Every structure is written in C-alpha cells, then in structure tokens.
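What follows is the content of coords-v3.txt, which has compact mmCIF, C-alpha atoms and all ligand atoms:
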```
# COMPACT_ATOMS: atom_id res chain seq x y z
CA MET U 1 7.75 138.89 -67.06
CA SER U 2 4.81 138.99 -64.65
CA VAL U 3 4.81 136.76 -61.61
CA PRO U 4 1.84 134.61 -62.83
CA ARG U 5 3.64 134.08 -66.16
CA ILE U 6 6.77 132.95 -64.31
CA PHE U 7 4.71 130.41 -62.37
CA ALA U 8 3.05 129.20 -65.60
CA LEU U 9 6.48 128.78 -67.18
CA LEU U 10 7.81 126.91 -64.13
CA ALA U 11 4.75 124.62 -64.16
CA ALA U 12 5.26 123.90 -67.88
CA LEU U 13 8.93 123.10 -67.26
CA ALA U 14 8.14 120.92 -64.24
CA LEU U 15 5.60 118.72 -66.07
CA PRO U 16 7.94 117.00 -68.54
CA LEU U 17 10.63 116.73 -65.86
CA GLY U 18 8.18 115.02 -63.51
CA SER U 19 7.10 112.53 -66.19
CA VAL U 20 10.64 111.36 -67.09
CA GLN U 21 10.88 107.59 -66.56
CA ALA U 22 13.86 106.17 -64.70
CA LEU U 23 16.30 104.38 -66.96
CA THR U 24 16.00 100.61 -66.55
CA TRP U 25 17.27 97.54 -68.37
CA ASP U 26 15.57 94.22 -67.77
CA GLU U 27 17.11 91.41 -69.82
CA THR U 28 13.83 89.46 -69.81
CA LEU U 29 12.21 92.40 -71.67
CA ASP U 30 15.09 94.27 -73.31
CA GLY U 31 17.42 91.43 -74.31
CA ASP U 32 20.82 90.19 -73.20
CA LEU U 33 23.37 92.89 -72.41
CA SER U 34 26.40 92.70 -74.71
CA ASP U 35 29.07 90.02 -74.24
CA ASP U 36 31.60 92.15 -76.15
CA GLY U 37 33.75 94.80 -74.45
CA ASN U 38 34.40 96.36 -77.87
CA ALA U 39 30.65 96.78 -78.49
CA PRO U 40 28.87 97.32 -75.17
CA THR U 41 25.10 97.77 -75.01
CA LEU U 42 24.46 101.53 -75.18
CA VAL U 43 21.89 102.29 -72.50
CA GLY U 44 22.16 106.09 -72.71
CA THR U 45 22.19 108.71 -69.99
CA LEU U 46 21.35 107.65 -66.44
CA SER U 47 18.27 109.29 -64.93
CA ALA U 48 18.45 111.33 -61.76
CA GLY U 49 18.18 108.91 -58.86
CA SER U 50 17.66 105.19 -59.43
CA ASN U 51 18.58 103.23 -62.60
CA LEU U 52 17.99 99.49 -62.28
CA PHE U 53 19.76 96.84 -64.38
CA SER U 54 18.45 93.28 -64.05
CA GLY U 55 19.71 90.21 -65.84
CA ARG U 56 21.39 86.84 -65.83
CA MET U 57 25.09 86.12 -66.36
CA GLY U 58 27.49 83.20 -66.31
CA ALA U 59 26.83 79.63 -67.45
CA LEU U 60 25.09 76.63 -65.92
CA THR U 61 27.38 73.93 -67.26
CA GLU U 62 31.12 73.90 -67.82
CA GLY U 63 32.09 74.39 -71.44
CA GLU U 64 28.94 76.41 -72.19
CA PRO U 65 29.74 79.92 -73.52
CA ILE U 66 29.91 82.29 -70.53
CA ASP U 67 27.40 85.14 -70.62
CA ALA U 68 29.21 88.38 -69.75
CA ASP U 69 27.06 91.53 -69.46
CA ILE U 70 28.62 94.81 -70.58
CA TRP U 71 26.93 98.18 -70.91
CA ASN U 72 27.89 101.75 -71.65
CA PHE U 73 26.22 104.66 -69.86
CA THR U 74 26.59 108.41 -69.49
CA ILE U 75 26.44 110.45 -66.30
CA ALA U 76 24.97 113.83 -67.24
CA ALA U 77 26.74 117.12 -66.50
CA GLY U 78 25.73 118.37 -63.07
CA TYR U 79 25.39 114.84 -61.68
CA TYR U 80 27.69 112.22 -60.24
CA LEU U 81 27.36 108.52 -59.61
CA THR U 82 26.96 108.04 -55.87
CA GLY U 83 25.91 104.39 -55.76
CA ILE U 84 26.24 101.03 -57.51
CA ASN U 85 24.04 98.95 -55.24
CA LEU U 86 23.49 95.22 -55.57
CA THR U 87 19.76 94.83 -54.86
CA SER U 88 19.43 91.13 -55.68
CA TYR U 89 21.83 88.28 -56.41
CA SER U 90 21.01 84.59 -56.67
CA THR U 91 22.38 81.47 -58.28
CA THR U 92 20.17 79.46 -60.63
CA SER U 93 22.00 76.21 -59.82
CA GLY U 94 22.16 76.33 -56.04
CA SER U 95 25.91 75.79 -56.23
CA LEU U 96 28.16 77.72 -53.87
CA GLY U 97 31.15 77.80 -56.20
CA ASN U 98 30.46 81.10 -57.87
CA GLN U 99 32.89 83.99 -58.24
CA SER U 100 31.51 87.11 -59.85
CA PHE U 101 33.74 89.79 -61.34
CA MET U 102 33.10 93.43 -62.26
CA ALA U 103 35.10 96.19 -63.89
CA ILE U 104 34.54 99.80 -64.90
CA ILE U 105 36.37 102.11 -67.29
CA ASP U 106 35.84 105.69 -68.44
CA GLY U 107 35.23 105.38 -72.17
CA GLY U 108 33.17 103.61 -74.79
CA THR U 109 34.86 100.19 -74.72
CA ILE U 110 36.52 97.96 -72.15
CA ASN U 111 39.42 95.59 -72.73
CA GLN U 112 38.45 92.16 -71.35
CA ASN U 113 42.01 90.82 -71.64
CA ASP U 114 44.03 93.71 -70.24
CA GLN U 115 43.00 95.34 -66.96
CA SER U 116 45.72 98.00 -66.96
CA LEU U 117 43.41 100.79 -68.20
CA HIS U 118 40.40 99.83 -66.07
CA LEU U 119 39.33 102.51 -63.62
CA SER U 120 38.78 99.65 -61.23
CA ASN U 121 37.76 96.00 -60.92
CA ALA U 122 36.92 93.57 -58.14
CA LEU U 123 35.46 90.19 -57.30
CA TRP U 124 32.03 90.05 -55.70
CA GLY U 125 29.73 87.17 -54.90
CA TYR U 126 29.71 84.08 -52.73
CA GLY U 127 33.49 83.91 -52.49
CA GLN U 128 33.46 87.34 -50.85
CA ASP U 129 30.29 87.47 -48.81
CA GLY U 130 27.78 84.69 -49.48
CA PHE U 131 25.42 85.88 -52.25
CA GLY U 132 25.57 89.59 -51.82
CA ASN U 133 24.66 89.59 -48.16
CA THR U 134 27.37 92.03 -47.15
CA TYR U 135 29.04 93.52 -50.19
CA THR U 136 25.95 95.14 -51.65
CA ASP U 137 27.85 98.43 -52.05
CA LEU U 138 29.63 97.63 -55.33
CA LEU U 139 30.82 101.23 -55.76
CA ALA U 140 32.72 100.94 -52.46
CA LEU U 141 34.35 97.70 -53.67
CA LEU U 142 35.42 99.42 -56.90
CA ASP U 143 36.54 102.51 -54.99
CA ALA U 144 38.73 100.29 -52.77
CA GLY U 145 40.26 98.58 -55.86
CA PRO U 146 41.40 97.92 -58.47
CA THR U 147 41.93 94.32 -57.40
CA PHE U 148 43.50 93.10 -60.66
CA GLY U 149 45.43 96.19 -61.83
CA GLY U 150 44.22 99.46 -63.25
CA VAL U 151 44.02 103.17 -62.61
CA GLY U 152 41.90 103.47 -59.46
CA PHE U 153 39.54 106.30 -58.50
CA ASP U 154 38.07 108.09 -55.52
CA GLY U 155 34.28 108.10 -55.73
CA PRO U 156 31.75 109.40 -56.43
CA LEU U 157 32.28 109.16 -60.20
CA PRO U 158 31.95 112.50 -62.04
CA ALA U 159 29.94 113.26 -65.21
CA GLY U 160 31.22 111.33 -68.23
CA ASN U 161 30.88 108.20 -70.32
CA TYR U 162 31.62 104.83 -68.71
CA THR U 163 31.56 101.13 -69.57
CA PHE U 164 30.66 98.55 -66.92
CA TRP U 165 31.38 94.81 -67.23
CA ILE U 166 30.11 92.02 -65.03
CA GLN U 167 30.85 88.34 -65.43
CA GLU U 168 30.41 85.10 -63.57
CA GLY U 169 32.86 82.32 -64.23
CA ALA U 170 31.60 79.31 -62.30
CA ASP U 171 27.81 79.49 -62.14
CA GLN U 172 24.72 81.18 -63.54
CA ILE U 173 23.56 84.20 -61.57
CA ASN U 174 20.45 86.40 -61.58
CA TYR U 175 21.24 89.94 -60.50
CA SER U 176 19.79 93.41 -60.07
CA ILE U 177 22.08 96.40 -59.75
CA ASP U 178 20.92 99.94 -59.03
CA PHE U 179 23.03 102.82 -60.38
CA VAL U 180 22.24 105.96 -58.37
CA THR U 181 23.00 109.47 -59.61
CA THR U 182 22.82 112.59 -57.46
CA PRO U 183 23.00 116.28 -58.46
CA VAL U 184 26.39 117.82 -57.72
CA PRO U 185 25.72 120.48 -55.06
CA GLU U 186 26.82 123.98 -56.02
CA PRO U 187 27.39 125.61 -52.65
CA GLY U 188 25.41 128.81 -52.23
CA SER U 189 24.49 129.37 -55.88
CA LEU U 190 20.90 128.08 -55.73
CA LEU U 191 20.38 129.66 -52.32
CA LEU U 192 21.63 133.01 -53.64
CA LEU U 193 19.30 132.80 -56.65
CA GLY U 194 16.40 132.14 -54.30
CA VAL U 195 17.29 135.02 -52.01
CA ALA U 196 17.80 137.39 -54.97
CA GLY U 197 14.42 136.36 -56.41
CA LEU U 198 12.60 136.99 -53.12
CA TRP U 199 14.40 140.31 -52.73
CA SER U 200 13.32 141.51 -56.21
CA LEU U 201 9.71 140.44 -55.52
CA ARG U 202 9.70 142.33 -52.23
CA ARG U 203 11.17 145.43 -53.89
CA ARG U 204 8.59 145.28 -56.71
CA ARG U 205 5.68 145.08 -54.26
CA ARG U 206 6.76 148.20 -52.35
CA CA U 301 22.99 88.45 -69.60
CA CA U 302 25.50 89.14 -72.17
```
Write-out of the structure in structure tokens:
Amino acid sequence: MSVPRIFALLAALALPLGSVQALTWDETLDGDLSDDGNAPTLVGTLSAGSNLFSGRMGALTEGEPIDADIWNFTIAAGYYLTGINLTSYSTTSGSLGNQSFMAIIDGGTINQNDQSLHLSNALWGYGQDGFGNTYTDLLALLDAGPTFGGVGFDGPLPAGNYTFWIQEGADQINYSIDFVTTPVPEPGSLLLLGVAGLWSLRRRRR
C-alpha cells in the first residue's frame, strides 16, 4: 500500500472515532434508572474517557417508595475503569440526615438483599463527608471496602460487565457520577510498531 493510501485509510478510520459521543445518562432526559437489581438499566459499553450519569435517588418523605438507581455497563477490552468520580451531590430537602449507599458487582444482576457476592460496597454522603466534599473518589471508597461484606477488589477494574447500585435511605439526593475509562497500556508494543514503521519508510526511500 502506498504511503498516501495509508494516510487516507488512517484519516477515514480517525473520523468515525473522533465523532463518537461520550456515553451519558441523564434521568431528566433518559428516564429513571432501574430500581430492580434483577433488571438493571442496560447502558451499554462505556466510552473512552468520561461517562456521566446524572439523576435523583431516595425519597422526600418517610414511607414513600425509595428510588434506588441501578445500571449495568461494560468496560471494553483494552480499557479499564480508573475512576468513579462524584461530580455533584445535593439534597432536595436541605436535611442533613442522609446516608447514601453504593455497591458494585461483576455480572448482569446485583442482589440487593445479600451483599456476600458484591465486589464491594460502601456508604457515601453527608454521614461520611458532608455532601461529597471530601469523598468524591467513589472508586477509592469501593477499593477500600467492602464495608458490608463481599469479595473486594484492587482497582482499577478490568474489562468486563458490571452492575452498579446506588441508593439513599433517608433523603432525596441529586447526583452526578463520572465513570472514567482509560486504555490499558501495553508496554513497548505501540512504540515498537511506530519504530518499525519509520524504519520501513526510511528503507523504502533509500
Ligand atoms: Ca432515579
Ligand atoms: Ca430508580
């Protein structure tokens, strides 16, 4: 293949890659995320980089059904999950009594009554840090857990299919959580390809 044709091919490949939209879920536009651990909302494969999930969970008044938010996502081969970052967190009632809970499992469903198979789980919220002022690194909290029993893991999370569950038991909370994926570095391989490519070009020009 001639060098100009290679560049044309690379440009054609780069265009659709560059136009891929980041995966987002906004409950005000996309609907409430599932309340049911046996039937999570399937959001698909996380994009490279930032994937923002925004919604509302919990309940304003006691006795009202509690809105849990549960979604299932895939981390593509060649990537890992390097961040679960709380980017906003606020109560709709102004109360300070809230206690938010989160859990993650590798698989398509999550048991909301039995934590023993959870990869990890933890509390987050006012009880821990005053409305997400300190514990914005939710992946670190999960990595340090599980708080309520489970398997445990050492992050970052590898490629695979996961279910994530958040719930608020004593208030109604607006939240935004950013799931960040990063390519898994393959030491030397890309560099070698680059060097080999330059070498063949140089040889051809001689
Ligand atoms: Ca919700
Ligand atoms: Ca929900």
Mind running chain U against ligand CA 302 (chain U) at 10 Å and telling me each contacting residue's nearest atom pair with the distance in Å (one decimal), counting only C-alpha atoms and all ligand atoms, chain and number ascending, as a tab-separated table?
```
residue	atom	partner	partner_atom	distance
U:Glu27	CA	U:CA302	CA	9.0
U:Gly31	CA	U:CA302	CA	8.7
U:Asp32	CA	U:CA302	CA	4.9
U:Leu33	CA	U:CA302	CA	4.3
U:Ser34	CA	U:CA302	CA	4.5
U:Asp35	CA	U:CA302	CA	4.2
U:Asp36	CA	U:CA302	CA	7.9
U:Pro40	CA	U:CA302	CA	9.3
U:Thr41	CA	U:CA302	CA	9.1
U:Gly55	CA	U:CA302	CA	8.6
U:Arg56	CA	U:CA302	CA	7.9
U:Met57	CA	U:CA302	CA	6.6
U:Gly58	CA	U:CA302	CA	8.6
U:Ile66	CA	U:CA302	CA	8.3
U:Asp67	CA	U:CA302	CA	4.7
U:Ala68	CA	U:CA302	CA	4.5
U:Asp69	CA	U:CA302	CA	3.9
U:Ile70	CA	U:CA302	CA	6.7
U:Trp71	CA	U:CA302	CA	9.2
U:Trp165	CA	U:CA302	CA	9.5
U:Ile166	CA	U:CA302	CA	9.0
U:Gln167	CA	U:CA302	CA	8.6
```
Length of the atom CA of Ala59 of chain U to atom CA of Ile104 of chain U vector [Å] =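 So the two atoms, atom CA of Ala59 of chain U and atom CA of Ile104 of chain U, lie 21.7 Å apart.
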As lines of an AutoDock Vina configuration file, please report the centre and edge lengths, rounded to one decimal in Å, of the axis-aligned box that holds all listed atoms of segment 111-127 of chain U with 6 Å of padding on each of the six sides.
```
center_x = 37.7
center_y = 93.2
center_z = -62.6
size_x = 28.0
size_y = 30.6
size_z = 32.2
```
Please provide the set of residues having any atom within 12 Å of Gly169 of chain U, restricted to all atoms listed in the file, with same-chain residues fewer than 6 positions apart removed, written as a list in words.
->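 Residues near the query, excluding close chain neighbours: Met57, Gly58, Ala59, Leu60, Thr61, Glu62, Gly63, Glu64, Pro65, Ile66, Asp67, Ala68, Gly97, Asn98, Gln99, Ser100, Phe101, Met102, Leu123, Trp124, Gly125 and Gly127 of chain U.
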Excluding Leu157 of chain U and any residue of its chain fewer than 2 positions from it, enumerate the residues within 7 Å of it, using all atoms listed in the file, and give them as a list in words.
->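 Contacts, with the query itself left out: Tyr80, Leu81, Thr82, Gly155 and Ala159 of chain U.
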What gap, in Å, lies between atom CA of Ala140 of chain U and atom CA of Pro187 of chain U?
->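 Atom CA of Ala140 of chain U sits 25.2 Å away from atom CA of Pro187 of chain U.
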Separation of atom CA of Gly37 of chain U from atom CA of Phe53 of chain U, in Å and rounded to one decimal |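 These atoms are spaced 17.4 Å apart.
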Of the candidates U:Thr45, U:Asn72, U:Thr182, U:Ser88, which one gets nearest to Phe164 of chain U if we count all atoms listed in the file?
->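 Using all atoms listed in the file, the shortest distance to Phe164 of chain U belongs to U:Asn72.
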Ligand CA 301 (chain U) proximity check over U:Leu23, U:Thr163, U:Asp137, U:Leu29, using only C-alpha atoms and all ligand atoms: winner is U:Leu29
Given the choices U:Gln115, U:Asn51, U:Glu168, U:Val180, which gets closest to ligand CA 301 (chain U) if the distance is worked out from all atoms listed in the file?
->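 Smallest distance to ligand CA 301 (chain U) is found for U:Glu168.
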Smallest atom-to-atom distance to Asp106 of chain U: which of U:Thr91, U:His118, U:Tyr162, U:Ile75, using only C-alpha atoms?
->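 So, comparing all the options, the nearest one is U:Tyr162.
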Nearest to ligand CA 301 (chain U), chosen from U:Ile173, U:Leu117, U:Val184, U:Leu86, with only C-alpha atoms and all ligand atoms counted in the distances | U:Ile173
Selection: 10 Å around Thr87 of chain U, all atoms listed in the file, excl. self and same-chain fewer than 4 positions, as a PDB file with C-alpha atoms, in the coordinates of the input:
```pdb
ATOM      1  CA  LEU U  52      17.990  99.490 -62.280  1.00  0.00           C
ATOM      2  CA  PHE U  53      19.760  96.840 -64.380  1.00  0.00           C
ATOM      3  CA  SER U  54      18.450  93.280 -64.050  1.00  0.00           C
ATOM      4  CA  GLY U 132      25.570  89.590 -51.820  1.00  0.00           C
ATOM      5  CA  ASN U 133      24.660  89.590 -48.160  1.00  0.00           C
ATOM      6  CA  THR U 136      25.950  95.140 -51.650  1.00  0.00           C
ATOM      7  CA  ASP U 137      27.850  98.430 -52.050  1.00  0.00           C
ATOM      8  CA  TYR U 175      21.240  89.940 -60.500  1.00  0.00           C
ATOM      9  CA  SER U 176      19.790  93.410 -60.070  1.00  0.00           C
ATOM     10  CA  ILE U 177      22.080  96.400 -59.750  1.00  0.00           C
ATOM     11  CA  ASP U 178      20.920  99.940 -59.030  1.00  0.00           C
TER      12      ASP U 178
END
```
For ligand CA 301 (chain U), which residue out of U:Gln172, U:Val151, U:Pro183, U:Tyr89 is the nearest one, using all atoms listed in the file?
->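 Looking only at the distances to ligand CA 301 (chain U), the closest residue turns out to be U:Gln172.
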